[in-house]
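Enquirer: Structure below; questions to follow.
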Amino acid sequence: MTAGYDPSNPVASGNPDVHEDPERLGPLPPRLHQAGSLPTGALPTGSIPTGPISTGPLPAQTTSAWPVSAPAGPPPHSAPPMPTPARRSPLAAVALVLALLLLVVVGVQAAFIVDLEKKADKADAAAHSAQANDAARLKALEDRADRLEQKTGGNLNAADVAASVRPSVFRVSTKYATGTAFAIGKAPAGGGTDLITNYHVVQDAYTKGEKDVSLERTDQRFPGKIIEVHPDKDLAVLHTDEDFTRLTAAAEPPKVGEPVLVIGSPLGLEDTVTTGVVSAFRQLGGESLMQFDAAINPGNSGGPVFNAKKEVVGVATLKAQQAEGIGLAIPISVVCNTVAAVC
């Protein structure tokens, strides 16, 4: 055995090729310095057979005791390679831009529609408010007009009323009597004009079967006929083919004390105008009559009684024989209920 080498303690033997490794179970294999030679003193002579050393290839050795090299590849702690990002198509970018533009347009349109709805709501509210204000103003004007009419109703302008209504008032004559008639009501279906008078004015002619009458004013004569009589109401309806201006019936009866105007032909004197006031409303013989103090005489029978608004409020019928200023008229409401064509 070579001096200085202790197989059981290679480190202590001073071999530089042997280092202390607590994990190893034995000495490292000998290192070759040149092909086919070993370092001197590396092994005991008795362990190697004498004779020439073969310079051929070393015998195969098991590699189980040698460290195995790591396989080729990236370092064990390196990150995996980043995937190459896919290239986007230009069409996708264009589609995205178009989608964004469409969203913007839709948003703008929605905001515009909401704004329009708000403006429409405001306009509707303003219109309703204006309509309400207009209705209130109209009501105020109507109330004012009613008050003015009530005031003017107490101030009859006789000249103005007479000038307006006289063309519709006529003297009516038969062989037996003379009275007054006036055009009023709706236009007859066959044309011409219907007129109202008292039945007692045409009674004698009618009972004798004579229906022709004469309508006169300002030296003009117009033929007429008796077409309807109501003896119980002392009313008669005349008709002429002539077209005359028709008067208007009052919708409301006059008040006691309200001024009235009477036009007639007393004693045959046509277009005679008198004025007075409504004195009272009476019930005589079961009939409603309006009393007034305007002067009337024989020949006024059948003549119209007017209010300040030029409306017919009654038909003059009779007067007290033993007194003055007591005249009686059939209220126009009774005439309307009796002769449908009048109102």
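Quick note on naming: the chains in the structure tokens go A, B, ... in the order shown, residues restart at 1 in each chain, and ligands are numbered from 1 in order of appearance.
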Per residue of region 177-268 of chain A within 8 Å of region 156-170 of chain A, what are the shortest atom pair and its distance in Å to one decimal, counting only C-alpha atoms, with rows by chain and residue number, as a Markdown table?

Expert:
| residue | atom | partner | partner_atom | distance |
| --- | --- | --- | --- | --- |
| A:Thr180 | CA | A:Phe170 | CA | 5.8 |
| A:Ala181 | CA | A:Phe170 | CA | 5.3 |
| A:Phe182 | CA | A:Val169 | CA | 4.4 |
| A:Ala183 | CA | A:Ser168 | CA | 5.5 |
| A:Leu215 | CA | A:Phe170 | CA | 5.9 |
| A:Glu216 | CA | A:Phe170 | CA | 5.5 |
| A:Arg217 | CA | A:Phe170 | CA | 5.6 |
| A:Phe244 | CA | A:Ser168 | CA | 6.5 |
| A:Thr245 | CA | A:Ser168 | CA | 5.7 |
| A:Arg246 | CA | A:Ser168 | CA | 6.4 |
| A:Leu247 | CA | A:Ser168 | CA | 6.9 |
| A:Pro259 | CA | A:Leu156 | CA | 6.3 |
| A:Val260 | CA | A:Leu156 | CA | 7.4 |
| A:Leu261 | CA | A:Ala158 | CA | 6.9 |
| A:Ile263 | CA | A:Arg166 | CA | 7.5 |
| A:Gly264 | CA | A:Val169 | CA | 7.5 |

Enquirer: If you count only C-alpha atoms, which residues fall within 12 Å of Pro188 (chain A), apart from same-chain ones fewer than 2 positions away, as a PyMOL selection string?

Expert: chain A and resi 183-186+190-195+238-244+246+340-342

Enquirer: With distances taken over only C-alpha atoms, which of A:Thr248, A:Gln203, A:Gln220, A:Asn155 is nearest to Thr174 (chain A)?

Expert: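 Using only C-alpha atoms, Thr174 (chain A) sits closest to A:Gln203.
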